[in-house]
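Listing of my_file.csv, CSV, C-alpha atoms
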chain,number,residue,atom,x,y,z
A,1,PRO,CA,1.8,14.0,24.6
A,2,PHE,CA,3.7,13.3,21.5
A,3,LEU,CA,2.8,16.8,20.0
A,4,PHE,CA,5.2,18.5,22.4
A,5,LEU,CA,8.1,16.5,20.7
A,6,GLU,CA,10.1,17.9,17.9
A,7,THR,CA,10.5,15.3,15.2
A,8,ARG,CA,13.1,15.9,12.5
A,9,ALA,CA,13.7,13.5,9.6
A,10,ALA,CA,16.7,13.6,7.3
A,11,SER,CA,14.6,14.4,4.2
A,12,SER,CA,12.3,17.0,5.8
A,13,GLU,CA,11.9,18.9,9.0
A,14,ALA,CA,8.7,19.3,10.8
A,15,THR,CA,7.7,20.6,14.2
A,16,TRP,CA,4.6,19.5,16.1
A,17,GLU,CA,3.2,22.1,18.4
A,18,TRP,CA,0.0,22.8,20.2
A,19,GLY,CA,0.3,26.5,19.2
A,20,SER,CA,-1.9,28.3,21.6
A,21,GLN,CA,-1.2,25.8,24.4
A,22,SER,CA,2.6,26.2,24.2
A,23,GLY,CA,2.5,28.4,27.3
A,24,ARG,CA,1.8,25.4,29.4
A,25,GLY,CA,5.6,24.8,29.2
A,26,ASN,CA,7.6,21.9,30.6
A,27,MET,CA,5.4,21.5,33.7
A,28,ALA,CA,2.3,20.6,31.6
A,29,MET,CA,4.5,18.2,29.5
A,30,GLU,CA,5.6,16.4,32.6
A,31,GLU,CA,2.0,16.0,33.7
A,32,ASP,CA,1.0,14.5,30.4
A,33,TYR,CA,3.9,12.0,30.6
A,34,SER,CA,2.7,10.8,34.1
A,35,HIS,CA,1.5,7.3,33.0
A,36,PRO,CA,2.1,4.8,35.7
A,37,TYR,CA,4.8,2.6,34.2
A,38,GLU,CA,5.2,1.0,37.6
A,39,ASP,CA,1.7,-0.5,37.5
A,40,SER,CA,1.3,-4.3,37.4
A,41,ILE,CA,2.2,-5.7,34.0
A,42,GLU,CA,-0.4,-8.4,34.5
A,43,ARG,CA,-3.3,-6.1,33.6
A,44,PHE,CA,-2.1,-5.9,30.0
A,45,THR,CA,-3.1,-8.9,28.0
A,46,THR,CA,-1.0,-8.1,24.9
A,47,TYR,CA,2.0,-5.8,24.1
A,48,GLU,CA,-0.4,-3.6,22.1
A,49,ASP,CA,-2.6,-3.1,25.2
A,50,TYR,CA,0.6,-2.0,27.0
A,51,LEU,CA,1.5,0.5,24.3
A,52,ASP,CA,-2.1,1.7,24.1
A,53,ASN,CA,-1.9,2.6,27.8
A,54,GLN,CA,0.8,5.1,27.1
A,55,ILE,CA,-1.4,7.0,24.5
A,56,THR,CA,-3.5,9.9,25.6
A,57,PRO,CA,-6.7,11.2,24.1
A,58,GLN,CA,-4.8,14.2,22.8
A,59,ASP,CA,-2.4,11.9,21.0
A,60,ARG,CA,-5.3,10.1,19.3
A,61,PHE,CA,-6.8,13.5,18.3
A,62,TYR,CA,-3.7,14.8,16.6
A,63,LEU,CA,-2.2,11.6,15.2
A,64,GLU,CA,-5.6,10.0,14.3
A,65,GLU,CA,-4.0,6.5,14.0
A,66,ASP,CA,-3.4,4.2,17.0
A,67,GLU,CA,-0.8,2.2,15.1
A,68,LEU,CA,1.3,5.3,14.5
A,69,ALA,CA,1.0,6.3,18.1
A,70,ARG,CA,2.0,2.8,19.2
A,71,GLN,CA,5.1,2.9,17.0
A,72,LEU,CA,6.2,6.2,18.5
A,73,VAL,CA,5.8,4.8,22.0
A,74,GLU,CA,7.7,1.6,21.0
A,75,ILE,CA,10.7,3.6,19.6
A,76,GLY,CA,11.0,5.6,22.8
A,77,CYS,CA,9.2,8.9,22.1
A,78,ARG,CA,8.2,8.9,25.8
A,79,LYS,CA,9.9,10.0,29.0
A,80,GLY,CA,10.4,7.1,31.3
A,81,GLU,CA,10.9,3.4,30.6
A,82,VAL,CA,9.1,1.8,27.7
A,83,LEU,CA,9.5,-1.9,27.5
A,84,SER,CA,10.4,-3.7,24.3
A,85,ARG,CA,8.2,-6.5,23.1
A,86,GLU,CA,10.7,-9.1,24.4
A,87,GLU,CA,11.0,-7.3,27.8
A,88,PHE,CA,7.2,-7.1,28.1
A,89,ALA,CA,6.8,-10.8,27.4
A,90,ALA,CA,9.6,-11.7,29.9
A,91,ARG,CA,8.1,-9.4,32.7
A,92,ARG,CA,4.6,-10.6,32.1
A,93,GLU,CA,5.7,-14.3,32.4
A,94,ALA,CA,7.7,-13.4,35.6
A,95,ALA,CA,4.6,-11.6,37.0
A,96,GLU,CA,2.4,-14.6,36.3
A,97,ASN,CA,4.9,-17.0,37.9
A,98,ALA,CA,5.1,-14.8,40.9
A,99,LYS,CA,1.3,-14.7,41.2
A,100,LYS,CA,1.1,-18.5,41.0
A,101,ALA,CA,3.7,-18.8,43.8
A,102,ARG,CA,1.7,-16.3,46.0
A,103,LEU,CA,-1.5,-18.3,45.5
A,104,GLN,CA,0.3,-21.6,46.3
A,105,ASN,CA,1.8,-20.1,49.5
A,106,ALA,CA,-1.3,-18.2,50.6
A,107,PRO,CA,-2.9,-19.6,53.7
A,108,LYS,CA,-5.9,-21.7,52.8
A,109,VAL,CA,-9.2,-21.3,54.5
A,110,LEU,CA,-10.1,-24.5,56.3
A,111,ALA,CA,-13.4,-26.1,55.5
A,112,SER,CA,-14.1,-26.3,59.3
A,113,ALA,CA,-13.3,-22.7,60.0
A,114,GLN,CA,-16.0,-20.6,61.8
A,115,LYS,CA,-18.2,-23.6,62.5
A,116,ASP,CA,-19.6,-24.8,65.8
A,117,PHE,CA,-19.2,-28.5,66.7
A,118,THR,CA,-20.3,-28.3,70.4
A,119,ASP,CA,-22.7,-31.2,70.1
A,120,PHE,CA,-20.9,-33.1,67.4
A,121,PRO,CA,-17.7,-34.8,68.8
A,122,PHE,CA,-16.8,-36.6,65.6
A,123,LEU,CA,-16.9,-33.4,63.5
A,124,ARG,CA,-14.9,-31.7,66.2
A,125,HIS,CA,-12.2,-34.3,66.0
A,126,LEU,CA,-12.1,-34.0,62.2
A,127,ALA,CA,-11.9,-30.2,62.5
A,128,CYS,CA,-9.0,-30.2,64.9
A,129,ARG,CA,-7.0,-32.4,62.6
A,130,GLU,CA,-7.8,-30.7,59.3
A,131,GLU,CA,-4.9,-28.3,59.1
A,132,LEU,CA,-2.3,-30.9,60.2
A,133,VAL,CA,-3.6,-33.4,57.7
A,134,ARG,CA,-3.7,-30.9,54.9
A,135,ASN,CA,-0.1,-29.8,55.4
A,136,GLY,CA,1.1,-33.4,55.6
A,137,LYS,CA,2.2,-33.4,59.2
A,138,LEU,CA,-0.4,-35.9,60.2
A,139,SER,CA,-1.9,-38.9,58.4
A,140,THR,CA,-5.3,-40.0,59.6
A,141,ILE,CA,-7.3,-43.1,58.9
A,142,ILE,CA,-11.0,-43.0,59.9
A,143,PHE,CA,-13.0,-46.2,60.6
A,144,ILE,CA,-16.7,-45.7,60.3
A,145,ARG,CA,-19.5,-48.2,60.8
A,146,ASP,CA,-23.1,-47.1,60.2
A,147,THR,CA,-26.0,-47.5,57.8
A,148,ASN,CA,-26.3,-46.0,54.3
A,149,THR,CA,-29.4,-44.3,52.8
A,150,LYS,CA,-30.8,-47.8,52.0
A,151,GLY,CA,-30.7,-48.8,55.6
A,152,GLN,CA,-27.8,-51.3,54.9
A,153,GLU,CA,-25.0,-51.5,57.4
A,154,ILE,CA,-21.6,-50.6,55.9
A,155,SER,CA,-18.2,-50.1,57.3
A,156,GLY,CA,-14.8,-49.1,56.0
A,157,TYR,CA,-11.5,-47.3,56.5
A,158,ILE,CA,-11.1,-43.8,55.0
A,159,ASP,CA,-7.9,-41.9,54.2
A,160,TYR,CA,-8.9,-38.5,55.6
A,161,GLY,CA,-6.1,-36.7,53.8
A,162,HIS,CA,-7.0,-38.1,50.4
A,163,ARG,CA,-10.7,-37.3,50.9
A,164,LEU,CA,-9.8,-33.7,51.9
A,165,LYS,CA,-7.8,-33.2,48.7
A,166,THR,CA,-10.4,-34.7,46.4
A,167,GLU,CA,-13.6,-33.5,48.0
A,168,ASN,CA,-15.2,-30.3,49.4
A,169,PHE,CA,-15.6,-30.9,53.1
A,170,GLU,CA,-17.7,-27.9,54.0
A,171,PRO,CA,-21.0,-29.8,53.5
A,172,TYR,CA,-19.8,-32.4,56.0
A,173,PHE,CA,-18.7,-29.7,58.5
A,174,GLU,CA,-22.0,-27.9,57.9
A,175,ARG,CA,-23.9,-31.2,58.6
A,176,LYS,CA,-25.5,-31.1,55.1
A,177,LYS,CA,-23.8,-34.5,54.3
A,178,ARG,CA,-22.7,-37.4,56.4
A,179,LEU,CA,-19.2,-38.8,56.0
A,180,LEU,CA,-19.5,-42.5,55.1
A,181,PRO,CA,-17.1,-45.0,53.6
A,182,ARG,CA,-17.3,-45.7,49.9
A,183,PRO,CA,-16.1,-48.5,47.7
A,184,SER,CA,-13.3,-46.2,46.5
A,185,ASP,CA,-11.9,-45.8,50.1
A,186,LEU,CA,-9.1,-47.8,51.6
A,187,SER,CA,-11.6,-50.5,52.5
A,188,PHE,CA,-15.3,-50.9,52.2
A,189,TYR,CA,-17.7,-53.6,53.3
A,190,ASN,CA,-21.5,-53.8,52.9
A,191,TRP,CA,-22.7,-56.2,55.6
A,192,ASP,CA,-26.0,-56.9,53.8
A,193,THR,CA,-24.7,-57.5,50.3
A,194,GLN,CA,-21.3,-58.9,51.3
A,195,HIS,CA,-19.7,-56.5,48.8
A,196,SER,CA,-16.1,-55.8,49.8
A,197,THR,CA,-13.3,-53.6,48.3
A,198,HIS,CA,-9.8,-52.6,49.1
A,199,ASN,CA,-7.8,-49.8,47.5
A,200,GLU,CA,-4.5,-48.1,47.9
A,201,SER,CA,-4.5,-44.3,48.4
A,202,PRO,CA,-1.8,-41.7,47.8
A,203,ASN,CA,-0.9,-42.0,51.5
A,204,PHE,CA,-1.4,-45.6,52.4
A,205,GLN,CA,-0.6,-49.1,51.0
A,206,ILE,CA,-2.8,-52.0,52.1
A,207,MET,CA,-1.1,-55.0,53.6
A,208,PRO,CA,-3.5,-57.9,54.3
A,209,ASP,CA,-2.1,-60.2,56.9
A,210,HIS,CA,-3.6,-63.6,57.8
A,211,GLU,CA,-2.6,-63.3,61.5
A,212,GLN,CA,-2.8,-59.6,62.2
A,213,GLY,CA,-5.7,-58.8,59.9
A,214,LEU,CA,-5.7,-55.5,57.9
A,215,LEU,CA,-2.5,-53.4,58.0
A,216,PHE,CA,-1.8,-50.0,56.4
A,217,LYS,CA,1.7,-48.9,55.5
A,218,ASN,CA,2.3,-45.2,55.4
A,219,LYS,CA,4.0,-44.4,52.0
A,220,ARG,CA,5.9,-41.5,53.4
A,221,ASP,CA,7.8,-43.1,56.3
A,222,ARG,CA,6.9,-46.7,55.6
A,223,LYS,CA,5.6,-47.3,59.1
A,224,VAL,CA,2.8,-49.8,59.5
A,225,ILE,CA,-0.5,-49.1,61.2
A,226,ASN,CA,-2.3,-52.0,62.8
A,227,VAL,CA,-6.0,-51.3,63.1
A,228,ASP,CA,-6.7,-54.5,65.1
A,229,PRO,CA,-8.5,-53.4,68.3
A,230,LYS,CA,-6.9,-56.2,70.3
A,231,VAL,CA,-3.3,-54.9,69.9
A,232,GLU,CA,-1.9,-52.6,72.6
A,233,SER,CA,-0.6,-50.0,70.1
A,234,PRO,CA,-1.4,-49.5,66.4
A,235,GLY,CA,2.3,-48.9,65.7
A,236,ASP,CA,5.2,-46.4,65.9
A,237,ASN,CA,4.2,-42.8,66.0
A,238,SER,CA,0.5,-43.9,65.8
A,239,LYS,CA,-2.4,-43.5,68.2
A,240,ARG,CA,-5.9,-45.0,68.2
A,241,LEU,CA,-9.0,-43.0,69.4
A,242,ASP,CA,-12.4,-44.5,69.9
A,243,VAL,CA,-14.8,-41.6,69.4
A,244,GLN,CA,-17.8,-41.6,71.7
A,245,THR,CA,-20.6,-40.3,69.5
A,246,THR,CA,-24.3,-40.8,68.7
A,247,GLU,CA,-23.7,-39.7,65.1
A,248,TYR,CA,-22.6,-43.2,64.0
A,249,ILE,CA,-22.7,-46.8,65.2
A,250,GLN,CA,-18.9,-46.8,65.6
A,251,VAL,CA,-16.1,-44.4,64.8
A,252,VAL,CA,-12.4,-45.0,65.4
A,253,ILE,CA,-9.6,-42.5,64.4
A,254,PHE,CA,-6.0,-43.7,63.8
A,255,ASP,CA,-3.5,-40.8,63.8
A,256,HIS,CA,0.0,-41.2,62.5
A,257,MET,CA,2.6,-38.5,62.9
A,258,THR,CA,4.5,-38.7,59.6
A,259,ARG,CA,8.2,-38.5,59.3
A,260,LYS,CA,10.3,-38.5,56.1
A,261,LYS,CA,11.8,-41.8,55.2
A,262,SER,CA,15.4,-42.0,56.2
A,263,GLN,CA,17.8,-41.9,53.3
Could you quickly redo this structure as structure tokens?
Amino acid sequence: PFLFLETRAASSEATWEWGSQSGRGNMAMEEDYSHPYEDSIERFTTYEDYLDNQITPQDRFYLEEDELARQLVEIGCRKGEVLSREEFAARREAAENAKKARLQNAPKVLASAQKDFTDFPFLRHLACREELVRNGKLSTIIFIRDTNTKGQEISGYIDYGHRLKTENFEPYFERKKRLLPRPSDLSFYNWDTQHSTHNESPNFQIMPDHEQGLLFKNKRDRKVINVDPKVESPGDNSKRLDVQTTEYIQVVIFDHMTRKKSQ
């Protein structure tokens, strides 16, 4: 602790000692200075918290004032490195930035992980695409036709990637909710009320065509996906899958392997 230090001022000379404990010698002094400076800087909210961490109960007993103890720590009356206020702020900011980077790069737990889809083919298809869609390697449009809670027949095209980013999919994979098209999806149609909507998404632009019907242009590679069931292929790097399921009246999945737009 500080009391092992000899402090001499120009105007007066004073020596701090523990008297009867002086026999502990240098070994005891080294033990008292064994604060973990290498500990993560993130655990200190303020510079004062950081300084307080260097103060021992013995220091507080003899000095009686935390502010005086902090000042002695700050001016270097400690063995080992003591950061200045500016260095502390810089290191704490760097530590926070590093933590954010680790969180961003950390593998995300898939909403479909550890779930059984043996008797649910549609959910099984969604699960096997989830990771690829989340990391941007695959763009998927889902066409669903079924009835809503009011018994009305509805249909629409869903941007799977956009829904994954804006919604918690665990309830769907746990079969607590049913995935159905909404008026906010790429397209929506209520066959009973004749209500119809079309919306762009972050991944797809809508291209109505009088001859070919509804077309979707991928915003990343600008390739067009034709969802007309009569065409032989939905487009370049795209595949159509009609899902055989009793979960819905009709389900069709359009997969598009995305490629960066050529410069």
Nearest to A:Ala90, chosen from A:Glu42, A:Glu170, A:Glu200, A:Asp236, with only C-alpha atoms counted in the distances: A:Glu42
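Atom CA of A:Asn218 lies 20.7 Å from atom CA of A:Val251.
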Could you jot down the atom CA of A:Thr245 to atom CA of A:Phe122 separation for me, Å, one decimal place?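 Answer for the atom CA of A:Thr245 to atom CA of A:Phe122 separation: 6.6 Å.
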Measuring atom to atom with all atoms listed in the file, identify which of A:Arg175, A:His256, A:Arg182, A:His125 is nearest to A:Lys219. A:His256
In Å to one decimal, how far is atom CA of A:Arg222 from atom CA of A:Tyr189? 25.7 Å
Using only C-alpha atoms, which of A:Pro208, A:Gly161, A:Pro229, A:Pro171 sits nearest A:Val133?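 Once distances to A:Val133 are computed over only C-alpha atoms, the minimum belongs to A:Gly161.
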Pick from A:Asn190, A:Thr46, A:Ser139, A:Asn203: nearest to A:Glu86, with all atoms listed in the file counted?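 Once distances to A:Glu86 are computed over all atoms listed in the file, the minimum belongs to A:Thr46.
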Please determine, counting only C-alpha atoms, which residue among A:Asn199, A:Leu83, A:Tyr160, A:Val109 has the shortest atom-to-atom distance to A:Leu126.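 Of A:Asn199, A:Leu83, A:Tyr160, A:Val109, the one nearest A:Leu126 is A:Tyr160, counting only C-alpha atoms.
Each of A:Asp159, A:Glu48, A:Glu67, A:Glu211 was compared to A:Ala89 using all atoms listed in the file, and A:Glu48 turns out to be the nearest.
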